[in-house]
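*Asks:* Contents of entry.txt (compact mmCIF, C-alpha atoms and all ligand atoms) are given next:
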```txt
# COMPACT_ATOMS: atom_id res chain seq x y z
CA MET E 1 127.43 128.88 89.31
CA HIS E 2 123.85 129.08 88.13
CA THR E 3 121.69 130.59 85.42
CA PHE E 4 119.55 133.13 87.30
CA SER E 5 120.41 136.68 86.24
CA TYR E 6 118.94 140.08 85.36
CA LYS E 7 118.60 141.14 81.73
CA ASN E 8 117.42 144.74 81.39
CA GLY E 9 115.94 144.69 84.86
CA THR E 10 114.03 141.42 84.41
CA LEU E 11 115.08 138.35 86.35
CA TYR E 12 115.59 135.31 84.13
CA CYS E 13 116.11 131.61 84.71
CA GLU E 14 118.14 130.53 81.68
CA ASN E 15 116.24 132.24 78.81
CA THR E 16 112.91 132.40 80.58
CA PRO E 17 111.67 135.54 82.34
CA LEU E 18 110.54 134.40 85.78
CA CYS E 19 107.57 136.80 85.72
CA ASP E 20 106.11 134.79 82.79
CA ILE E 21 106.02 131.75 85.06
CA ALA E 22 104.61 133.67 88.03
CA GLU E 23 101.83 135.12 85.85
CA ALA E 24 100.93 131.80 84.27
CA VAL E 25 101.26 129.43 87.23
CA GLY E 26 100.64 131.75 90.17
CA THR E 27 102.65 131.83 93.39
CA PRO E 28 104.21 130.43 95.49
CA THR E 29 106.04 128.39 92.87
CA TYR E 30 109.41 126.67 92.89
CA VAL E 31 111.42 127.08 89.68
CA TYR E 32 114.43 124.91 88.85
CA SER E 33 117.04 125.36 86.12
CA LYS E 34 117.77 122.16 84.24
CA GLN E 35 121.08 123.48 82.96
CA THR E 36 122.30 124.40 86.44
CA ILE E 37 121.39 120.99 87.83
CA LEU E 38 123.20 119.24 84.98
CA ASP E 39 126.25 121.51 85.27
CA HIS E 40 126.60 120.69 88.96
CA PHE E 41 126.07 116.98 88.51
CA LYS E 42 128.46 116.65 85.58
CA GLY E 43 131.02 118.90 87.30
CA LEU E 44 131.13 116.61 90.30
CA GLN E 45 131.23 113.46 88.20
CA GLN E 46 134.10 114.92 86.18
CA ALA E 47 136.02 116.11 89.26
CA LEU E 48 135.86 112.61 90.77
CA SER E 49 136.66 110.82 87.51
CA PRO E 50 140.22 109.88 88.58
CA LEU E 51 138.49 107.53 91.04
CA ASP E 52 136.22 104.57 90.46
CA SER E 53 133.34 106.72 91.67
CA GLU E 54 129.57 106.99 91.74
CA VAL E 55 127.57 110.16 92.35
CA SER E 56 124.51 109.10 94.34
CA TYR E 57 122.08 111.98 94.39
CA ALA E 58 120.53 112.53 97.86
CA VAL E 59 116.85 112.30 96.97
CA LYS E 60 115.70 114.14 100.09
CA ALA E 61 117.09 117.45 98.81
CA CYS E 62 114.56 117.68 95.98
CA SER E 63 112.58 114.61 95.10
CA ASN E 64 110.28 115.67 92.27
CA LEU E 65 109.98 112.87 89.70
CA ALA E 66 111.20 115.13 86.89
CA ILE E 67 114.39 115.94 88.79
CA LEU E 68 114.98 112.27 89.64
CA ASN E 69 114.35 111.34 86.03
CA LEU E 70 116.92 113.94 84.93
CA MET E 71 119.46 112.40 87.31
CA ALA E 72 118.63 108.85 86.20
CA ARG E 73 119.21 109.80 82.55
CA GLU E 74 122.61 111.23 83.49
CA GLY E 75 123.53 107.95 85.12
CA ALA E 76 123.27 108.99 88.76
CA GLY E 77 122.91 106.60 91.65
CA PHE E 78 120.49 107.55 94.42
CA ASP E 79 120.89 107.93 98.15
CA ILE E 80 117.50 107.26 99.76
CA VAL E 81 116.22 107.41 103.33
CA SER E 82 112.78 105.80 103.13
CA GLY E 83 110.62 103.35 101.27
CA GLY E 84 108.83 106.39 99.86
CA GLU E 85 112.02 107.73 98.33
CA LEU E 86 112.80 104.33 96.82
CA TRP E 87 109.33 104.25 95.31
CA ARG E 88 109.87 107.71 93.86
CA VAL E 89 113.16 106.63 92.27
CA VAL E 90 111.45 103.64 90.67
CA GLN E 91 108.53 105.81 89.44
CA ALA E 92 111.04 108.24 87.94
CA GLY E 93 112.75 105.50 85.93
CA GLY E 94 115.77 105.25 88.22
CA ASP E 95 117.49 101.94 88.87
CA PRO E 96 116.87 100.56 92.38
CA ARG E 97 120.09 98.57 92.05
CA ARG E 98 121.93 101.90 92.15
CA CYS E 99 120.29 102.96 95.44
CA THR E 100 121.96 103.16 98.83
CA TYR E 101 119.54 103.26 101.73
CA ALA E 102 120.51 105.38 104.77
CA GLY E 103 118.70 106.39 107.96
CA VAL E 104 118.47 105.28 111.59
CA GLY E 105 114.87 104.04 111.59
CA LYS E 106 114.15 101.72 108.67
CA THR E 107 110.95 99.71 109.30
CA PRO E 108 110.60 95.98 108.55
CA GLU E 109 108.26 96.82 105.64
CA GLU E 110 110.79 99.25 104.19
CA ILE E 111 113.63 96.73 104.57
CA ARG E 112 111.60 94.04 102.81
CA TYR E 113 110.63 96.40 99.99
CA ALA E 114 114.26 97.45 99.51
CA LEU E 115 115.37 93.81 99.40
CA GLU E 116 112.67 93.00 96.82
CA GLN E 117 113.90 95.91 94.74
CA GLU E 118 117.48 94.59 95.02
CA ILE E 119 119.02 97.86 96.15
CA TYR E 120 122.79 98.29 95.99
CA CYS E 121 123.32 98.49 99.73
CA PHE E 122 121.84 99.33 103.12
CA ASN E 123 123.86 101.91 105.01
CA VAL E 124 123.19 100.63 108.50
CA GLU E 125 123.26 102.77 111.62
CA SER E 126 123.12 100.31 114.56
CA GLU E 127 123.62 96.71 115.66
CA ALA E 128 119.88 96.31 116.23
CA GLU E 129 119.20 97.38 112.65
CA LEU E 130 121.79 94.88 111.36
CA ARG E 131 120.02 92.11 113.26
CA ALA E 132 116.65 93.15 111.84
CA ILE E 133 117.98 93.16 108.26
CA ASP E 134 119.68 89.79 108.83
CA GLU E 135 116.44 88.26 110.04
CA ILE E 136 114.30 89.65 107.23
CA ALA E 137 116.82 88.65 104.54
CA GLY E 138 116.95 85.16 106.10
CA SER E 139 113.16 84.86 105.98
CA MET E 140 113.29 85.78 102.28
CA GLY E 141 116.07 83.27 101.64
CA ILE E 142 118.49 85.92 100.38
CA LYS E 143 121.57 87.83 101.50
CA ALA E 144 121.28 91.55 102.20
CA PRO E 145 124.13 93.86 101.14
CA VAL E 146 125.24 96.08 104.03
CA ALA E 147 127.68 98.83 104.92
CA VAL E 148 127.88 100.33 108.38
CA ARG E 149 127.86 104.07 108.86
CA VAL E 150 130.82 105.15 110.93
CA ASN E 151 130.54 108.24 113.08
CA PRO E 152 134.06 109.71 112.93
CA ASN E 153 133.46 112.32 115.66
CA ILE E 154 134.60 115.23 113.48
CA GLU E 155 133.38 118.80 113.90
CA ALA E 156 131.77 119.80 110.60
CA GLY E 157 131.50 123.50 111.40
CA THR E 158 127.89 123.81 110.30
CA HIS E 159 124.50 124.45 111.96
CA LYS E 160 123.90 122.16 114.94
CA TYR E 161 120.74 120.66 113.40
CA ILE E 162 122.65 119.47 110.32
CA THR E 163 125.84 118.25 111.99
CA THR E 164 125.82 114.46 111.93
CA GLY E 165 129.38 113.24 112.47
CA LYS E 166 129.82 113.93 116.20
CA SER E 167 129.46 111.29 118.92
CA GLU E 168 126.47 113.08 120.43
CA ASN E 169 124.55 112.87 117.14
CA LYS E 170 122.17 109.95 116.63
CA PHE E 171 123.88 108.89 113.43
CA GLY E 172 126.21 106.02 112.75
CA VAL E 173 128.32 103.82 115.00
CA ASP E 174 131.18 105.18 117.09
CA PHE E 175 134.55 104.96 115.39
CA ASP E 176 135.97 102.82 118.22
CA ARG E 177 133.17 100.27 118.08
CA ILE E 178 132.98 99.78 114.37
CA GLU E 179 135.51 96.98 113.84
CA ALA E 180 133.94 94.87 116.56
CA LEU E 181 130.61 95.32 114.82
CA TYR E 182 131.99 94.16 111.45
CA ALA E 183 133.40 91.11 113.25
CA LEU E 184 129.96 90.44 114.72
CA ILE E 185 128.34 90.59 111.28
CA ASP E 186 130.95 88.21 109.96
CA GLU E 187 130.50 85.74 112.80
CA GLN E 188 126.81 85.95 113.66
CA MET E 189 124.79 87.30 110.78
CA PRO E 190 124.83 84.78 107.96
CA ASN E 191 122.24 86.57 105.85
CA LEU E 192 124.28 89.74 105.45
CA GLU E 193 126.90 90.43 102.82
CA ILE E 194 129.50 92.95 103.99
CA LYS E 195 129.79 95.29 101.05
CA GLY E 196 131.12 98.66 102.16
CA LEU E 197 131.67 101.41 104.69
CA GLN E 198 129.85 104.72 104.86
CA MET E 199 130.09 108.08 106.61
CA HIS E 200 128.44 111.50 106.40
CA ILE E 201 129.61 114.25 108.74
CA GLY E 202 127.06 116.95 108.04
CA SER E 203 125.48 119.25 105.53
CA GLN E 204 126.25 122.75 104.20
CA LEU E 205 130.00 122.50 104.84
CA THR E 206 131.77 125.50 103.35
CA GLN E 207 135.33 124.45 104.20
CA VAL E 208 137.18 121.44 102.86
CA LYS E 209 139.08 120.90 106.13
CA PRO E 210 136.47 118.76 107.96
CA PHE E 211 136.11 116.54 104.87
CA ILE E 212 139.89 116.05 104.78
CA GLU E 213 140.00 115.30 108.51
CA ALA E 214 137.18 112.78 108.27
CA VAL E 215 138.56 111.01 105.19
CA ALA E 216 142.07 110.94 106.68
CA LYS E 217 140.70 109.40 109.86
CA VAL E 218 138.42 106.82 108.22
CA ALA E 219 140.44 105.77 105.14
CA PRO E 220 142.79 103.47 107.16
CA LEU E 221 139.70 101.79 108.63
CA ALA E 222 138.31 101.30 105.11
CA ALA E 223 141.63 99.74 104.10
CA ARG E 224 141.52 97.31 107.05
CA LEU E 225 137.90 96.34 106.30
CA LYS E 226 138.84 95.76 102.66
CA GLU E 227 141.62 93.44 103.72
CA ARG E 228 139.54 91.55 106.29
CA TYR E 229 136.12 91.37 104.69
CA GLY E 230 136.68 92.38 101.08
CA ILE E 231 134.52 95.50 101.20
CA ARG E 232 134.05 97.01 97.78
CA PHE E 233 133.00 100.60 98.41
CA PHE E 234 133.56 103.53 100.73
CA SER E 235 130.89 106.22 100.72
CA ILE E 236 132.08 109.58 102.00
CA GLY E 237 128.54 111.00 102.21
CA GLY E 238 127.32 114.36 101.01
CA GLY E 239 127.58 117.77 102.58
CA ILE E 240 129.23 120.13 100.09
CA GLY E 241 127.88 123.60 100.94
CA ILE E 242 126.44 126.16 98.56
CA VAL E 243 126.27 129.96 98.39
CA TYR E 244 123.38 131.49 100.30
CA ASP E 245 124.77 134.93 101.05
CA GLY E 246 125.93 136.16 97.64
CA ALA E 247 123.56 133.84 95.79
CA LEU E 248 122.63 136.16 92.91
CA ALA E 249 126.23 137.29 92.32
CA SER E 250 127.49 133.71 92.42
CA GLY E 251 125.93 133.15 88.99
CA SER E 252 129.03 134.81 87.54
CA PRO E 253 132.54 133.26 87.34
CA ASP E 254 134.01 136.56 88.66
CA TRP E 255 132.30 136.03 91.99
CA TRP E 256 134.00 132.67 92.44
CA GLU E 257 137.36 134.15 91.57
CA HIS E 258 137.12 136.65 94.41
CA ASN E 259 135.30 134.67 97.10
CA HIS E 260 136.63 131.72 99.02
CA GLN E 261 133.65 129.43 98.87
CA LEU E 262 134.22 125.69 98.71
CA THR E 263 134.11 124.55 95.09
CA ILE E 264 133.53 121.10 93.67
CA ASP E 265 137.04 121.15 92.21
CA ALA E 266 138.67 122.14 95.52
CA TYR E 267 136.75 119.34 97.24
CA ALA E 268 137.86 116.77 94.68
CA ASP E 269 141.46 118.03 94.50
CA SER E 270 141.84 117.56 98.27
CA LEU E 271 140.08 114.24 98.62
CA VAL E 272 141.01 112.30 95.47
CA PRO E 273 144.67 111.81 96.53
CA LEU E 274 143.56 110.52 99.94
CA LEU E 275 141.03 108.12 98.44
CA GLN E 276 142.87 106.83 95.38
CA PRO E 277 145.30 104.49 97.22
CA LEU E 278 142.38 102.57 98.74
CA GLY E 279 141.49 100.97 95.43
CA LEU E 280 137.84 101.02 96.48
CA ARG E 281 134.75 102.26 94.71
CA ILE E 282 134.09 105.74 96.13
CA LEU E 283 130.52 106.93 96.51
CA VAL E 284 129.45 110.51 97.21
CA GLU E 285 125.91 111.45 98.23
CA PRO E 286 125.42 115.11 97.28
CA GLY E 287 122.05 116.78 97.47
CA ARG E 288 122.35 120.50 98.14
CA VAL E 289 125.30 121.18 95.84
CA ILE E 290 123.41 119.70 92.88
CA VAL E 291 120.05 121.43 93.27
CA GLY E 292 120.40 124.16 95.94
CA ASN E 293 121.42 127.10 93.78
CA ALA E 294 119.47 125.63 90.84
CA GLY E 295 116.13 126.60 92.37
CA VAL E 296 114.26 129.72 93.47
CA MET E 297 110.87 130.13 95.08
CA LEU E 298 108.62 132.77 93.56
CA THR E 299 106.26 134.67 95.81
CA GLN E 300 104.01 137.72 95.51
CA CYS E 301 103.85 140.71 97.81
CA LEU E 302 100.35 140.84 99.29
CA TYR E 303 100.54 143.76 101.71
CA GLU E 304 102.89 146.13 103.44
CA LYS E 305 102.48 146.93 107.11
CA LYS E 306 104.46 149.63 108.86
CA GLY E 307 104.64 149.38 112.65
CA ASP E 308 106.47 151.21 115.40
CA ALA E 309 109.33 148.74 115.35
CA LYS E 310 109.39 147.36 111.87
CA THR E 311 108.18 147.33 108.31
CA PHE E 312 106.68 144.05 107.20
CA LYS E 313 106.31 142.90 103.64
CA ILE E 314 103.67 140.21 103.79
CA VAL E 315 104.04 137.70 100.97
CA ASP E 316 102.04 134.67 99.83
CA ALA E 317 104.72 132.09 100.74
CA GLY E 318 105.14 130.98 104.33
CA MET E 319 107.15 128.66 106.51
CA ASN E 320 105.04 125.77 105.24
CA ASP E 321 106.49 126.44 101.77
CA LEU E 322 110.10 127.13 102.84
CA ILE E 323 110.95 126.23 106.42
CA ARG E 324 114.71 126.83 106.34
CA PRO E 325 114.63 130.41 107.74
CA ALA E 326 112.38 129.33 110.63
CA LEU E 327 114.16 126.08 111.39
CA TYR E 328 117.83 126.95 110.91
CA GLU E 329 117.70 130.74 110.64
CA GLY E 330 118.72 129.97 107.07
CA HIS E 331 119.63 133.00 104.97
CA HIS E 332 118.01 133.20 101.52
CA GLU E 333 118.55 136.20 99.28
CA ILE E 334 115.39 137.85 98.05
CA TRP E 335 115.29 139.76 94.76
CA PRO E 336 112.43 141.32 92.78
CA LEU E 337 111.45 139.73 89.48
CA GLN E 338 111.32 143.19 87.98
CA GLN E 339 113.72 146.02 88.84
CA HIS E 340 112.61 149.62 88.20
CA ASP E 341 114.90 152.63 87.82
CA ASP E 342 113.08 154.49 90.58
CA GLN E 343 112.83 151.53 92.96
CA ASP E 344 113.98 152.28 96.52
CA THR E 345 115.20 149.79 99.03
CA VAL E 346 113.70 149.30 102.46
CA VAL E 347 114.72 147.46 105.61
CA ALA E 348 111.91 145.01 106.27
CA ASP E 349 110.87 141.62 107.54
CA ILE E 350 109.58 139.45 104.72
CA VAL E 351 106.88 137.36 106.36
CA GLY E 352 104.30 134.80 105.30
CA PRO E 353 100.62 134.32 106.11
CA ILE E 354 101.13 131.59 108.76
CA CYS E 355 99.97 132.22 112.32
CA GLU E 356 103.41 131.94 113.93
CA SER E 357 106.00 134.57 114.71
CA GLY E 358 108.62 132.18 113.33
CA ASP E 359 107.00 132.52 109.91
CA PHE E 360 109.53 134.69 108.12
CA LEU E 361 111.64 134.40 104.99
CA ALA E 362 113.98 137.21 106.10
CA GLN E 363 114.31 139.58 109.03
CA ASN E 364 115.69 143.11 109.11
CA ARG E 365 116.70 142.71 105.49
CA THR E 366 117.45 145.45 102.99
CA VAL E 367 115.27 144.53 100.02
CA ALA E 368 113.73 146.21 97.02
CA ASP E 369 110.73 148.22 98.15
CA VAL E 370 108.26 146.08 96.21
CA GLN E 371 104.62 147.07 96.22
CA GLN E 372 101.45 145.04 96.48
CA GLY E 373 101.17 142.63 93.54
CA GLU E 374 104.87 142.63 92.67
CA TYR E 375 106.84 139.39 92.67
CA LEU E 376 109.97 138.30 94.52
CA ALA E 377 112.37 135.39 94.03
CA VAL E 378 113.74 133.65 97.11
CA PHE E 379 117.14 132.30 96.09
CA SER E 380 119.00 129.04 96.84
CA ALA E 381 115.71 127.27 97.48
CA GLY E 382 116.24 124.22 95.26
CA ALA E 383 117.45 121.96 98.08
CA TYR E 384 115.37 121.24 101.18
CA GLY E 385 112.81 123.74 99.92
CA PHE E 386 109.79 122.08 98.41
CA SER E 387 110.83 118.71 99.86
CA MET E 388 110.39 120.07 103.40
CA SER E 389 107.12 121.85 102.71
CA SER E 390 103.89 120.97 104.47
CA ASN E 391 100.18 121.72 104.53
CA TYR E 392 100.35 123.61 107.84
CA ASN E 393 97.53 126.13 108.18
CA SER E 394 95.77 124.09 105.47
CA ARG E 395 97.75 125.71 102.73
CA PRO E 396 97.96 123.77 99.45
CA MET E 397 101.55 122.99 98.53
CA ALA E 398 103.26 125.12 95.89
CA ALA E 399 103.67 124.31 92.21
CA GLU E 400 107.04 123.29 90.78
CA VAL E 401 108.40 124.25 87.35
CA LEU E 402 111.46 123.04 85.43
CA VAL E 403 113.05 125.50 83.01
CA ASP E 404 114.98 124.33 79.97
CA GLY E 405 116.27 127.33 77.99
CA SER E 406 113.22 129.31 76.93
CA ASN E 407 110.88 126.36 77.54
CA TRP E 408 109.38 125.44 80.86
CA THR E 409 107.13 122.73 82.24
CA VAL E 410 104.98 122.50 85.33
CA ILE E 411 106.48 119.39 86.97
CA ARG E 412 104.09 119.45 89.90
CA SER E 413 100.79 121.24 89.83
CA ARG E 414 99.71 123.34 92.75
CA GLN E 415 97.67 121.32 95.24
CA SER E 416 93.92 121.80 95.18
CA LEU E 417 91.60 122.16 98.16
CA GLU E 418 90.48 118.56 97.52
CA ASP E 419 94.10 117.46 97.92
CA LEU E 420 94.10 119.02 101.38
CA VAL E 421 91.46 116.64 102.77
CA ARG E 422 92.29 113.55 100.71
CA GLY E 423 92.06 110.47 102.92
CA GLU E 424 90.25 112.22 105.77
CA ILE E 425 87.09 110.58 107.10
CA ILE E 426 84.26 111.88 109.29
CA PRO E 427 83.01 108.94 111.44
CA GLU E 428 79.28 108.21 111.22
N1 LIG H 1 123.89 111.54 102.93
C1 LIG H 1 123.29 111.46 104.13
C2 LIG H 1 123.43 110.25 104.91
C3 LIG H 1 122.55 112.56 104.62
O1 LIG H 1 121.98 112.49 105.80
C4 LIG H 1 122.45 113.73 103.83
C5 LIG H 1 121.68 114.89 104.30
C6 LIG H 1 123.07 113.75 102.56
C7 LIG H 1 123.79 112.64 102.15
C8 LIG H 1 123.00 114.93 101.65
O2 LIG H 1 123.62 116.05 102.19
P1 LIG H 1 123.87 117.36 101.32
O3 LIG H 1 124.84 117.01 100.22
O4 LIG H 1 122.58 117.80 100.74
O5 LIG H 1 124.42 118.33 102.27
N2 LIG H 1 117.24 120.17 105.80
C9 LIG H 1 118.59 120.64 106.03
C10 LIG H 1 119.63 119.66 105.52
C11 LIG H 1 119.49 118.28 106.09
C12 LIG H 1 120.51 117.31 105.53
C13 LIG H 1 120.19 115.92 105.91
N3 LIG H 1 121.07 114.93 105.41
C14 LIG H 1 118.73 122.02 105.40
O6 LIG H 1 117.77 122.52 104.84
O7 LIG H 1 119.80 122.63 105.50
```
Please express what this file holds, its structure, as structure tokens.
*Replies:*
Amino acid sequence: MHTFSYKNGTLYCENTPLCDIAEAVGTPTYVYSKQTILDHFKGLQQALSPLDSEVSYAVKACSNLAILNLMAREGAGFDIVSGGELWRVVQAGGDPRRCTYAGVGKTPEEIRYALEQEIYCFNVESEAELRAIDEIAGSMGIKAPVAVRVNPNIEAGTHKYITTGKSENKFGVDFDRIEALYALIDEQMPNLEIKGLQMHIGSQLTQVKPFIEAVAKVAPLAARLKERYGIRFFSIGGGIGIVYDGALASGSPDWWEHNHQLTIDAYADSLVPLLQPLGLRILVEPGRVIVGNAGVMLTQCLYEKKGDAKTFKIVDAGMNDLIRPALYEGHHEIWPLQQHDDQDTVVADIVGPICESGDFLAQNRTVADVQQGEYLAVFSAGAYGFSMSSNYNSRPMAAEVLVDGSNWTVIRSRQSLEDLVRGEIIPE
């Protein structure tokens, strides 16, 4: 569910017409709905309330300070993957002691910083990383809290670039090796405190089955580790998928009634009974399901070009602003900010200004036949949208706006040309 809908032909976010924002702030601009974000977060917290649980928001999905601050106020924990993300959480008023730190390549500087900030736990991905954390903690005269990420070798049924729980993926430690590794920590790494167990099988899962399989496989391991080493938490990762195809319609409860998309409640109903008997603290690390459908990217139609093979609508947002279509062939619905009675549809490629053929937002798509100067909204762009944007082709990064009812705030101003060259030096 979300709060983007048409009222008399005008697309609104909550009670704000999106064209007001496009006119005032320019395009491309990301727009997020505060209410949608809160609904998703509270819905998940509520669904997991039969457990001793913590919702740790995956910062990488959308890491603007205003969004992190919103989460911190709601009592979220944070799942981070870099020193930079930890710094952001701290700047946003979040509590570093509620952060779990994932990722295969933590540097010594990042490990030290995280220890200084007294994070909740490192989710460790290899023996070599455990040894590095042990050494650094020892040099600081403290004990580092650790959990190991287990790779359960479960097929997540998602895009190959965002599957993480198979043996051929770089993530985690093989299921069969994990107990020996915990024994090694216990015997040889005096500066580590064994605190938990973690897993994450992939992102954008739209079926509950792989989650059930993974939890069913790993829960007995968690129970054994609890008995042997007194672990206190089991993190089951993130990964709940959202609606991309059907995004506009999914703002209405009717859509959910008639479509079999994974819901937060179905996820919790299946997993809570498997997790409850463990008597452990259960962490989840959702990113996409919180912010994905809570954000759109606004763009303006610059030109139309009709060729022999195709019609192109050239817009002012490119793959540097939203890379998901280029990188994962991600589908994002595209709707006009203003519908007219006489508006036709056209089959077109919606492309950006970047000098690459992979620079498209949609291909062979039936869209409103918008004319030069008219605006479009690219849906389901709240997660891995702005946070994956870049300055490629020396394009300043987009602005970000947070809507709250009929009020809205620019939460990140559009980059300037000066921003583009900040830190660059011409040698004498
Ligand atoms: N926990 C860990 C350890 C992760 O690696 C991830 C995402 C999450 C939690 C959050 O997953 P979520 O709930 O958002 O599915 N850029 C890609 C997605 C990459 C996901 C990376 N890891 C995309 O745009 O689809």
*Asks:* Give me, as a PyMOL selection string, all polymer residues having an atom no more than 9 Å from Phe78 (chain E), counting all atoms listed in the file and skipping those fewer than 6 positions away in the same chain.
*Replies:* chain E and resi 55-59+68+71-72+86+89+94-96+98-101+285
*Asks:* Skipping near chain neighbours, those fewer than 3 positions away, what residues fall within 10 Å of Ala249 (chain E) using all atoms listed in the file, listed as a list in words?
*Replies:*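 My reading of the contact set: Met1, His2, Phe4, Ser5, Val243, Asp245, Gly246, Ser252, Pro253, Asp254, Trp255 and Trp256 of chain E.
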*Asks:* Env of Thr345 (chain E): 6 Å cut, atoms = all atoms listed in the file, seq-sep filter 3 positions within chain, self excluded. Answer as a compact mmCIF listing (two decimals) with C-alpha atoms, in the frame of the given file.
*Replies:*
```txt
# COMPACT_ATOMS: atom_id res chain seq x y z
CA VAL E 367 115.27 144.53 100.02
CA ALA E 368 113.73 146.21 97.02
CA ASP E 369 110.73 148.22 98.15
```
*Asks:* I'd like the neighbourhood of Thr206 (chain E) as a PyMOL selection string, where a residue qualifies if any of its atoms comes within 7 Å (using only C-alpha atoms), though same-chain residues fewer than 2 positions away should be ignored.
*Replies:* chain E and resi 204+208+240-241+261-262
*Asks:* Restricting it to C-alpha atoms, dump the selection as a tab-separated table (two decimals), keeping the file's coordinate frame.
*Replies:*
```tsv
chain	number	residue	atom	x	y	z
E	204	GLN	CA	126.25	122.75	104.20
E	208	VAL	CA	137.18	121.44	102.86
E	240	ILE	CA	129.23	120.13	100.09
E	241	GLY	CA	127.88	123.60	100.94
E	261	GLN	CA	133.65	129.43	98.87
E	262	LEU	CA	134.22	125.69	98.71
```
*Asks:* Using all atoms listed in the file, which protein or nucleic acid residues come within 12 Å of Gly352 (chain E)? Drop anything in the same chain fewer than 2 positions from it, and give the result as number ranges by chain.
*Replies:* E: 28, 299-304, 312-323, 325-326, 349-350, 354-363, 393, 395
*Asks:* Got time to write the residues from that selection, C-alpha atoms, as a PDB file, in the frame of the given file?
*Replies:*
```pdb
ATOM      1  CA  PRO E  28     104.210 130.430  95.490  1.00  0.00           C
ATOM      2  CA  THR E 299     106.260 134.670  95.810  1.00  0.00           C
ATOM      3  CA  GLN E 300     104.010 137.720  95.510  1.00  0.00           C
ATOM      4  CA  CYS E 301     103.850 140.710  97.810  1.00  0.00           C
ATOM      5  CA  LEU E 302     100.350 140.840  99.290  1.00  0.00           C
ATOM      6  CA  TYR E 303     100.540 143.760 101.710  1.00  0.00           C
ATOM      7  CA  GLU E 304     102.890 146.130 103.440  1.00  0.00           C
ATOM      8  CA  PHE E 312     106.680 144.050 107.200  1.00  0.00           C
ATOM      9  CA  LYS E 313     106.310 142.900 103.640  1.00  0.00           C
ATOM     10  CA  ILE E 314     103.670 140.210 103.790  1.00  0.00           C
ATOM     11  CA  VAL E 315     104.040 137.700 100.970  1.00  0.00           C
ATOM     12  CA  ASP E 316     102.040 134.670  99.830  1.00  0.00           C
ATOM     13  CA  ALA E 317     104.720 132.090 100.740  1.00  0.00           C
ATOM     14  CA  GLY E 318     105.140 130.980 104.330  1.00  0.00           C
ATOM     15  CA  MET E 319     107.150 128.660 106.510  1.00  0.00           C
ATOM     16  CA  ASN E 320     105.040 125.770 105.240  1.00  0.00           C
ATOM     17  CA  ASP E 321     106.490 126.440 101.770  1.00  0.00           C
ATOM     18  CA  LEU E 322     110.100 127.130 102.840  1.00  0.00           C
ATOM     19  CA  ILE E 323     110.950 126.230 106.420  1.00  0.00           C
ATOM     20  CA  PRO E 325     114.630 130.410 107.740  1.00  0.00           C
ATOM     21  CA  ALA E 326     112.380 129.330 110.630  1.00  0.00           C
ATOM     22  CA  ASP E 349     110.870 141.620 107.540  1.00  0.00           C
ATOM     23  CA  ILE E 350     109.580 139.450 104.720  1.00  0.00           C
ATOM     24  CA  ILE E 354     101.130 131.590 108.760  1.00  0.00           C
ATOM     25  CA  CYS E 355      99.970 132.220 112.320  1.00  0.00           C
ATOM     26  CA  GLU E 356     103.410 131.940 113.930  1.00  0.00           C
ATOM     27  CA  SER E 357     106.000 134.570 114.710  1.00  0.00           C
ATOM     28  CA  GLY E 358     108.620 132.180 113.330  1.00  0.00           C
ATOM     29  CA  ASP E 359     107.000 132.520 109.910  1.00  0.00           C
ATOM     30  CA  PHE E 360     109.530 134.690 108.120  1.00  0.00           C
ATOM     31  CA  LEU E 361     111.640 134.400 104.990  1.00  0.00           C
ATOM     32  CA  ALA E 362     113.980 137.210 106.100  1.00  0.00           C
ATOM     33  CA  GLN E 363     114.310 139.580 109.030  1.00  0.00           C
ATOM     34  CA  ASN E 393      97.530 126.130 108.180  1.00  0.00           C
ATOM     35  CA  ARG E 395      97.750 125.710 102.730  1.00  0.00           C
TER      36      ARG E 395
END
```
*Asks:* Name the residues, by chain letter and number, that sit within 8 Å of ligand LIG 1 (chain H) using all atoms listed in the file, and give them as an MDAnalysis selection string.
*Replies:* chainID E and resid 57:58 60:61 79 81 102:103 161:162 164 199:200 202:205 237:241 284:290 323:324 328 330 383:385 388
*Asks:* Could you make a table, as a Markdown table, of the residues of region 385-406 of chain E that have an atom within 12 Å of an atom of region 36-53 of chain E, each with its nearest atom pair and distance in Å to one decimal, counting only C-alpha atoms, in chain and number order?
*Replies:*
```
| residue | atom | partner | partner_atom | distance |
| --- | --- | --- | --- | --- |
| E:Leu402 | CA | E:Ile37 | CA | 10.4 |
| E:Val403 | CA | E:Thr36 | CA | 9.9 |
| E:Asp404 | CA | E:Thr36 | CA | 9.8 |
| E:Gly405 | CA | E:Thr36 | CA | 10.8 |
```
*Asks:* Restricting the calculation to all atoms listed in the file: of E:Arg414, E:Arg365, E:Arg73, E:Arg149, which residue gets closest to Val104 (chain E)?
*Replies:*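 Checking each candidate against Val104 (chain E), we get E:Arg149 as the closest.
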*Asks:* Which is closer to Thr163 (chain E) than all the others in E:Leu420, E:Ile80, E:Ile201, E:Ala398, using all atoms listed in the file?
*Replies:*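 For Thr163 (chain E), the nearest of the given residues is E:Ile201.
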*Asks:* What's the separation between CA of Val421 (chain E) and CA of Asn64 (chain E), in Å to one decimal place?
*Replies:* 21.6 Å
*Asks:* Would you mind telling me which residue in E:Ile242, E:Val218, E:Ala377, E:Leu248 lies nearest to Val291 (chain E) when using only C-alpha atoms?
*Replies:*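 Using only C-alpha atoms, the shortest distance to Val291 (chain E) belongs to E:Ile242.
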*Asks:* What gap, in Å, lies between CA of Leu283 (chain E) and CA of Pro145 (chain E)?
*Replies:* 15.3 Å
